[in-house]
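Q: Got a file for you: model-v7.cif, mmCIF, C-alpha atoms and all ligand atoms.
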```cif
data_data
loop_
_atom_site.label_atom_id
_atom_site.label_comp_id
_atom_site.auth_asym_id
_atom_site.auth_seq_id
_atom_site.Cartn_x
_atom_site.Cartn_y
_atom_site.Cartn_z
CA MET A 1 0.00 0.00 0.00
CA GLY A 2 1.08 3.59 -0.54
CA PHE A 3 0.94 6.35 2.02
CA ALA A 4 -1.58 5.40 4.72
CA VAL A 5 -4.07 7.65 6.48
CA LYS A 6 -5.84 6.46 9.61
CA ILE A 7 -8.68 8.35 11.23
CA CYS A 8 -9.03 7.27 14.82
CA GLY A 9 -11.79 7.45 17.38
CA ILE A 10 -14.75 6.50 15.20
CA THR A 11 -17.86 6.14 17.35
CA ARG A 12 -20.77 6.21 14.86
CA PRO A 13 -21.43 4.58 11.46
CA ALA A 14 -21.88 8.01 9.85
CA GLU A 15 -18.37 8.98 10.97
CA ALA A 16 -16.98 5.81 9.46
CA ARG A 17 -18.73 6.46 6.15
CA ASP A 18 -17.57 10.09 6.09
CA ALA A 19 -13.98 9.05 6.87
CA LEU A 20 -14.00 6.57 3.99
CA ALA A 21 -15.53 9.16 1.66
CA ALA A 22 -12.73 11.50 2.72
CA GLY A 23 -10.22 8.89 1.55
CA ALA A 24 -9.06 7.33 4.83
CA ASP A 25 -7.40 3.92 4.60
CA TYR A 26 -7.92 2.85 8.22
CA LEU A 27 -10.60 3.55 10.81
CA GLY A 28 -9.70 3.41 14.49
CA LEU A 29 -12.02 2.08 17.21
CA VAL A 30 -10.71 3.03 20.65
CA LEU A 31 -11.34 0.28 23.18
CA ALA A 32 -8.81 1.81 25.57
CA PRO A 33 -10.10 4.21 28.26
CA SER A 34 -10.95 7.42 26.39
CA ARG A 35 -13.76 9.86 25.78
CA ARG A 36 -14.04 8.01 22.47
CA GLN A 37 -14.08 4.57 24.03
CA VAL A 38 -16.37 1.95 22.52
CA SER A 39 -17.19 -1.43 24.02
CA LEU A 40 -16.53 -4.66 22.19
CA ASP A 41 -20.26 -4.87 21.37
CA GLN A 42 -20.24 -1.32 20.01
CA ALA A 43 -17.13 -2.07 17.97
CA GLN A 44 -18.84 -5.12 16.52
CA ALA A 45 -21.95 -3.08 15.66
CA LEU A 46 -19.81 -0.46 13.90
CA VAL A 47 -17.99 -3.09 11.87
CA ASP A 48 -21.32 -4.76 11.00
CA ALA A 49 -22.72 -1.41 9.84
CA LEU A 50 -20.21 -1.33 6.98
CA PRO A 51 -20.32 -4.92 5.70
CA GLY A 52 -18.40 -4.22 2.49
CA LEU A 53 -15.32 -2.81 4.18
CA GLU A 54 -12.29 -5.08 4.33
CA ARG A 55 -11.97 -6.11 7.98
CA SER A 56 -8.27 -5.23 8.28
CA ARG A 57 -9.09 -1.56 7.60
CA TRP A 58 -10.69 -1.43 11.04
CA VAL A 59 -8.11 -0.90 13.79
CA ALA A 60 -8.94 -1.75 17.41
CA VAL A 61 -6.90 0.55 19.66
CA LEU A 62 -5.89 -1.01 22.99
CA ARG A 63 -3.73 -0.01 25.91
CA ASP A 64 -1.80 -2.70 27.85
CA PRO A 65 -4.35 -5.35 26.81
CA ASP A 66 -4.30 -8.75 28.44
CA ALA A 67 -4.55 -11.99 26.49
CA SER A 68 -8.27 -12.40 27.20
CA LEU A 69 -9.12 -9.05 25.58
CA VAL A 70 -7.00 -9.78 22.51
CA ASP A 71 -8.54 -13.25 22.22
CA ALA A 72 -12.06 -11.85 22.62
CA LEU A 73 -11.48 -9.21 19.98
CA LEU A 74 -9.90 -11.50 17.44
CA GLY A 75 -12.61 -14.07 18.15
CA ALA A 76 -15.46 -11.61 17.68
CA LEU A 77 -13.90 -9.71 14.78
CA PRO A 78 -11.49 -12.03 12.94
CA GLY A 79 -9.18 -10.18 10.58
CA ILE A 80 -9.34 -6.87 12.43
CA SER A 81 -6.09 -4.91 12.84
CA LEU A 82 -4.81 -4.16 16.34
CA GLN A 83 -3.01 -1.07 17.59
CA VAL A 84 -1.36 -1.69 20.93
CA HIS A 85 -0.12 1.09 23.19
CA GLY A 86 2.11 -0.01 26.04
CA ARG A 87 2.51 -3.77 26.46
CA GLY A 88 0.64 -6.48 24.62
CA PRO A 89 0.37 -10.12 25.70
CA GLN A 90 2.90 -12.55 24.35
CA GLY A 91 2.12 -13.60 20.77
CA TRP A 92 -0.30 -10.75 19.99
CA VAL A 93 1.56 -9.77 16.81
CA ASP A 94 1.47 -13.30 15.40
CA ALA A 95 -2.18 -13.71 16.40
CA VAL A 96 -3.22 -10.54 14.56
CA ARG A 97 -1.19 -11.34 11.49
CA ALA A 98 -2.41 -14.93 11.35
CA GLY A 99 -5.96 -13.59 11.04
CA GLY A 100 -5.04 -11.18 8.24
CA GLY A 101 -5.01 -8.00 10.31
CA ARG A 102 -2.15 -5.56 10.70
CA ALA A 103 -0.12 -5.36 13.89
CA ILE A 104 0.44 -1.72 14.78
CA TYR A 105 2.55 -0.87 17.80
CA SER A 106 2.71 2.54 19.45
CA GLY A 107 5.54 3.23 21.82
CA PRO A 108 8.90 4.95 22.10
CA HIS A 109 10.65 1.93 20.59
CA PRO A 110 9.55 -0.36 17.77
CA HIS A 111 8.04 -3.76 18.53
CA PRO A 112 9.66 -6.80 16.90
CA GLY A 113 7.51 -8.28 14.17
CA ALA A 114 4.91 -5.50 14.10
CA GLU A 115 4.19 -4.18 10.64
CA VAL A 116 3.72 -0.59 11.75
CA TRP A 117 5.50 1.51 14.35
CA LEU A 118 3.27 4.44 15.29
CA ILE A 119 5.09 7.32 16.92
CA ASP A 120 2.71 9.51 18.91
CA GLY A 121 2.67 12.22 21.55
CA LYS A 122 2.77 11.63 25.31
CA VAL A 123 -1.03 11.50 25.63
CA PRO A 124 -2.57 9.65 22.67
CA GLY A 125 -5.81 11.12 21.45
CA SER A 126 -5.22 14.44 23.24
CA GLY A 127 -4.58 16.52 20.13
CA GLN A 128 -1.30 17.74 21.58
CA ALA A 129 1.44 18.32 19.04
CA TRP A 130 4.99 17.27 19.90
CA ASP A 131 8.40 17.84 18.42
CA TRP A 132 7.78 15.66 15.37
CA ARG A 133 11.07 13.96 14.51
CA ARG A 134 12.09 10.97 12.45
CA PRO A 135 13.53 8.20 14.64
CA GLU A 136 17.16 7.36 14.01
CA ARG A 137 16.50 3.69 13.36
CA ILE A 138 13.41 2.10 11.87
CA PRO A 139 13.42 -1.71 11.69
CA ALA A 140 13.64 -3.13 8.17
CA GLY A 141 10.22 -4.07 6.90
CA GLN A 142 8.32 -1.86 9.36
CA SER A 143 6.27 1.12 8.25
CA LEU A 144 6.50 4.29 10.29
CA TRP A 145 3.26 6.16 11.02
CA LEU A 146 3.09 9.56 12.68
CA ALA A 147 0.42 10.85 15.08
CA GLY A 148 0.01 13.43 17.79
CA GLY A 149 -1.75 16.74 17.37
CA LEU A 150 -1.81 16.65 13.58
CA ARG A 151 -4.18 19.11 11.94
CA VAL A 152 -5.07 20.22 8.42
CA GLU A 153 -2.74 23.20 8.80
CA THR A 154 0.22 21.27 10.19
CA VAL A 155 0.18 17.86 8.58
CA ALA A 156 2.29 18.91 5.57
CA ALA A 157 5.09 20.25 7.78
CA ALA A 158 4.92 17.16 9.99
CA VAL A 159 5.15 14.84 6.98
CA ALA A 160 8.10 16.84 5.62
CA ALA A 161 9.88 16.64 9.00
CA VAL A 162 9.36 12.93 9.68
CA ARG A 163 8.88 11.39 6.21
CA PRO A 164 6.48 8.75 7.57
CA ASP A 165 4.72 6.03 5.61
CA GLY A 166 1.40 7.11 7.08
CA VAL A 167 -0.35 9.47 9.46
CA ASP A 168 -2.99 9.02 12.14
CA VAL A 169 -5.33 11.73 13.42
CA SER A 170 -8.22 12.09 15.80
CA THR A 171 -8.72 15.44 17.54
CA GLY A 172 -7.61 17.52 14.55
CA VAL A 173 -10.52 16.31 12.43
CA GLU A 174 -13.20 16.79 15.09
CA GLY A 175 -15.75 19.55 15.36
CA PRO A 176 -18.43 20.13 18.00
CA ALA A 177 -20.48 17.18 16.68
CA GLY A 178 -17.65 14.68 16.42
CA LYS A 179 -15.66 13.75 13.33
CA ASP A 180 -16.16 16.52 10.79
CA PRO A 181 -16.51 15.44 7.12
CA VAL A 182 -14.98 18.66 5.76
CA LEU A 183 -11.99 18.54 8.12
CA MET A 184 -11.43 14.84 7.37
CA ALA A 185 -11.45 15.44 3.60
CA ALA A 186 -9.11 18.42 3.93
CA PHE A 187 -6.78 16.48 6.21
CA VAL A 188 -6.54 13.46 3.93
CA ALA A 189 -5.95 15.70 0.90
CA ALA A 190 -3.23 17.70 2.67
CA ALA A 191 -1.49 14.57 3.98
CA ARG A 192 -1.52 12.84 0.61
CA ALA A 193 -0.34 15.96 -1.23
CA ALA A 194 2.57 16.32 1.20
CA ALA A 195 3.54 12.66 0.83
CA ALA A 196 3.29 12.84 -2.96
CA GLY A 197 5.45 15.97 -3.00
CA LEU A 198 8.16 14.22 -0.98
CA ALA A 199 8.01 11.14 -3.20
CA LYS A 200 8.38 13.30 -6.30
CA ALA A 201 11.31 15.20 -4.81
CA ALA A 202 13.03 11.89 -4.00
CA ARG A 203 12.45 10.67 -7.58
CA ASP A 204 13.84 13.91 -9.02
CA VAL A 205 16.95 13.59 -6.89
CA ARG A 206 17.45 9.99 -8.04
CA GLU A 207 16.96 10.90 -11.71
CA LEU A 208 19.44 13.75 -11.42
CA GLY A 209 21.88 11.31 -9.87
CA ILE A 210 22.59 13.56 -6.91
O1 LIG B 301 -7.88 8.48 20.83
C1 LIG B 301 -7.87 8.21 22.03
O2 LIG B 301 -8.65 8.74 22.83
C2 LIG B 301 -6.87 7.20 22.56
C3 LIG B 301 -6.95 6.81 23.89
C4 LIG B 301 -6.05 5.87 24.39
C5 LIG B 301 -5.09 5.32 23.58
C6 LIG B 301 -5.01 5.71 22.23
C7 LIG B 301 -5.88 6.65 21.72
N1 LIG B 301 -5.79 7.07 20.40
C8 LIG B 301 -4.78 6.59 19.53
C9 LIG B 301 -4.71 7.18 18.18
O3 LIG B 301 -4.39 6.46 17.26
C10 LIG B 301 -4.91 8.66 17.94
O4 LIG B 301 -5.34 8.86 16.64
C11 LIG B 301 -3.55 9.35 18.07
O5 LIG B 301 -3.15 9.27 19.39
C12 LIG B 301 -3.62 10.83 17.65
O6 LIG B 301 -4.55 11.53 18.40
P1 LIG B 301 -4.69 13.11 18.22
O7 LIG B 301 -3.46 13.73 18.81
O8 LIG B 301 -5.92 13.46 18.96
O9 LIG B 301 -4.80 13.38 16.75
#
```
Would you put the structure from the file into structure tokens?
A:
Amino acid sequence: MGFAVKICGITRPAEARDALAAGADYLGLVLAPSRRQVSLDQAQALVDALPGLERSRWVAVLRDPDASLVDALLGALPGISLQVHGRGPQGWVDAVRAGGGRAIYSGPHPHPGAEVWLIDGKVPGSGQAWDWRRPERIPAGQSLWLAGGLRVETVAAAVAAVRPDGVDVSTGVEGPAGKDPVLMAAFVAAARAAAAGLAKAARDVRELGI
């Protein structure tokens, strides 16, 4: 896949449909404690409301989950992707990948075997920007996604600074009534334009042999 955009904190089917119409690749369901928290039953109802959507494009967001939660989720929603903050139970990466989902890990260091390393601010989902920087070492085969206080106005600069393979946003695309369709569309367009600009610049440099 090319540059990935995840919109996190989906709580209603209309938000999910608007996020997809805006061009998002992944939709996050926060099962961790949060003002956007959904229960496993609510997550299942949201997934069921969009039957045509490939299951791995849904991302269940967990913090320090135990094995019983991971088992329950993968049992109820086989093929879903998991995003783990903190510590996951032993074998969670293999369990997700065996079902066809993506294993996304968020922490200060990458997680062995995960497909995506998500670098985020200190308080996930808070909308607080941080000093966006590219890590010195990214494990071979892992994609780097960036999150933390991204907004329509700042995502291009953040992408230029970090050169990630994807971005993840929640607060920056919310209005008073939840996820805002106009903000989501503008965010996805700005993120993709920034990523395409970087890719073109890299191609130009290669062609010029610099
Ligand atoms: O979104 C939450 O409320 C949340 C709570 C607990 C753990 C993770 C959470 N979100 C993870 C995400 O993927 C968010 O999109 C990411 O932290 C960016 O959030 P924001 O800074 O609000 O754009």
Q: Give the answer as one residue: which of A:Arg151, A:Arg137, A:Arg206, A:Arg87 has the shortest atom-to-atom distance to Val169 (chain A), using only C-alpha atoms?
A: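 Residue with the minimum atom-to-atom distance to Val169 (chain A): A:Arg151.
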Q: Using only C-alpha atoms, which of A:Gly91, A:Pro65, A:Gly86, A:Gly9 sits nearest Gly28 (chain A)?
A: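 Going through A:Gly91, A:Pro65, A:Gly86, A:Gly9 one by one, the smallest distance to Gly28 (chain A) is for A:Gly9.
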Q: As a quick test: using only C-alpha atoms and all ligand atoms, which residues lie no more than 10 Å away from ligand LIG 301 (chain B)? Give them as an MDAnalysis selection string.
A: chainID A and resid 6:10 27:37 59:64 83:86 104 106 118:130 145:151 167:174
Q: Can you write just those residues out, C-alpha atoms, as a PDB file, keeping the file's coordinate frame?
A:
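out35.pdb, written as the output of this step:
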```
ATOM      1  CA  LYS A   6      -5.840   6.460   9.610  1.00  0.00           C
ATOM      2  CA  ILE A   7      -8.680   8.350  11.230  1.00  0.00           C
ATOM      3  CA  CYS A   8      -9.030   7.270  14.820  1.00  0.00           C
ATOM      4  CA  GLY A   9     -11.790   7.450  17.380  1.00  0.00           C
ATOM      5  CA  ILE A  10     -14.750   6.500  15.200  1.00  0.00           C
ATOM      6  CA  LEU A  27     -10.600   3.550  10.810  1.00  0.00           C
ATOM      7  CA  GLY A  28      -9.700   3.410  14.490  1.00  0.00           C
ATOM      8  CA  LEU A  29     -12.020   2.080  17.210  1.00  0.00           C
ATOM      9  CA  VAL A  30     -10.710   3.030  20.650  1.00  0.00           C
ATOM     10  CA  LEU A  31     -11.340   0.280  23.180  1.00  0.00           C
ATOM     11  CA  ALA A  32      -8.810   1.810  25.570  1.00  0.00           C
ATOM     12  CA  PRO A  33     -10.100   4.210  28.260  1.00  0.00           C
ATOM     13  CA  SER A  34     -10.950   7.420  26.390  1.00  0.00           C
ATOM     14  CA  ARG A  35     -13.760   9.860  25.780  1.00  0.00           C
ATOM     15  CA  ARG A  36     -14.040   8.010  22.470  1.00  0.00           C
ATOM     16  CA  GLN A  37     -14.080   4.570  24.030  1.00  0.00           C
ATOM     17  CA  VAL A  59      -8.110  -0.900  13.790  1.00  0.00           C
ATOM     18  CA  ALA A  60      -8.940  -1.750  17.410  1.00  0.00           C
ATOM     19  CA  VAL A  61      -6.900   0.550  19.660  1.00  0.00           C
ATOM     20  CA  LEU A  62      -5.890  -1.010  22.990  1.00  0.00           C
ATOM     21  CA  ARG A  63      -3.730  -0.010  25.910  1.00  0.00           C
ATOM     22  CA  ASP A  64      -1.800  -2.700  27.850  1.00  0.00           C
ATOM     23  CA  GLN A  83      -3.010  -1.070  17.590  1.00  0.00           C
ATOM     24  CA  VAL A  84      -1.360  -1.690  20.930  1.00  0.00           C
ATOM     25  CA  HIS A  85      -0.120   1.090  23.190  1.00  0.00           C
ATOM     26  CA  GLY A  86       2.110  -0.010  26.040  1.00  0.00           C
ATOM     27  CA  ILE A 104       0.440  -1.720  14.780  1.00  0.00           C
ATOM     28  CA  SER A 106       2.710   2.540  19.450  1.00  0.00           C
ATOM     29  CA  LEU A 118       3.270   4.440  15.290  1.00  0.00           C
ATOM     30  CA  ILE A 119       5.090   7.320  16.920  1.00  0.00           C
ATOM     31  CA  ASP A 120       2.710   9.510  18.910  1.00  0.00           C
ATOM     32  CA  GLY A 121       2.670  12.220  21.550  1.00  0.00           C
ATOM     33  CA  LYS A 122       2.770  11.630  25.310  1.00  0.00           C
ATOM     34  CA  VAL A 123      -1.030  11.500  25.630  1.00  0.00           C
ATOM     35  CA  PRO A 124      -2.570   9.650  22.670  1.00  0.00           C
ATOM     36  CA  GLY A 125      -5.810  11.120  21.450  1.00  0.00           C
ATOM     37  CA  SER A 126      -5.220  14.440  23.240  1.00  0.00           C
ATOM     38  CA  GLY A 127      -4.580  16.520  20.130  1.00  0.00           C
ATOM     39  CA  GLN A 128      -1.300  17.740  21.580  1.00  0.00           C
ATOM     40  CA  ALA A 129       1.440  18.320  19.040  1.00  0.00           C
ATOM     41  CA  TRP A 130       4.990  17.270  19.900  1.00  0.00           C
ATOM     42  CA  TRP A 145       3.260   6.160  11.020  1.00  0.00           C
ATOM     43  CA  LEU A 146       3.090   9.560  12.680  1.00  0.00           C
ATOM     44  CA  ALA A 147       0.420  10.850  15.080  1.00  0.00           C
ATOM     45  CA  GLY A 148       0.010  13.430  17.790  1.00  0.00           C
ATOM     46  CA  GLY A 149      -1.750  16.740  17.370  1.00  0.00           C
ATOM     47  CA  LEU A 150      -1.810  16.650  13.580  1.00  0.00           C
ATOM     48  CA  ARG A 151      -4.180  19.110  11.940  1.00  0.00           C
ATOM     49  CA  VAL A 167      -0.350   9.470   9.460  1.00  0.00           C
ATOM     50  CA  ASP A 168      -2.990   9.020  12.140  1.00  0.00           C
ATOM     51  CA  VAL A 169      -5.330  11.730  13.420  1.00  0.00           C
ATOM     52  CA  SER A 170      -8.220  12.090  15.800  1.00  0.00           C
ATOM     53  CA  THR A 171      -8.720  15.440  17.540  1.00  0.00           C
ATOM     54  CA  GLY A 172      -7.610  17.520  14.550  1.00  0.00           C
ATOM     55  CA  VAL A 173     -10.520  16.310  12.430  1.00  0.00           C
ATOM     56  CA  GLU A 174     -13.200  16.790  15.090  1.00  0.00           C
TER      57      GLU A 174
END
```
Q: What is the CA of Ser56 (chain A)-CA of Gly79 (chain A) distance in Å, reported with one decimal?
A: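 CA of Gly79 (chain A) lies at a distance of 5.5 Å from CA of Ser56 (chain A).
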Q: Using 6 Å of padding on each side, determine the axis-aligned box around all atoms of region 17-36 of chain A present in the file and give its centre and edge lengths in Å to one decimal, as AutoDock Vina command-line options.
A:
```
--center_x -13.1 --center_y 5.9 --center_z 14.9 --size_x 23.3 --size_y 23.2 --size_z 38.7
```
Q: One decimal, in Å: what's the spacing between CA of Ala191 (chain A) and CA of Ala156 (chain A)?
A: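 About the pair CA of Ala191 (chain A) and CA of Ala156 (chain A): they are 6.0 Å apart.
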Q: What does the structure give for the distance between CA of Leu50 (chain A) and CA of Val70 (chain A), in Å to one decimal?
A: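 Pair CA of Leu50 (chain A) / CA of Val70 (chain A) returns 22.1 Å.
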Q: Pull the neighbourhood of (5.1, 15.4, 5.3) for me: all residues within 9 Å in file coordinates, counting only C-alpha atoms, as a list of chain:residue names.
A: A:Val155, A:Ala156, A:Ala157, A:Ala158, A:Val159, A:Ala160, A:Ala161, A:Val162, A:Arg163, A:Pro164, A:Ala191, A:Arg192, A:Ala193, A:Ala194, A:Ala195, A:Ala196, A:Gly197, A:Leu198
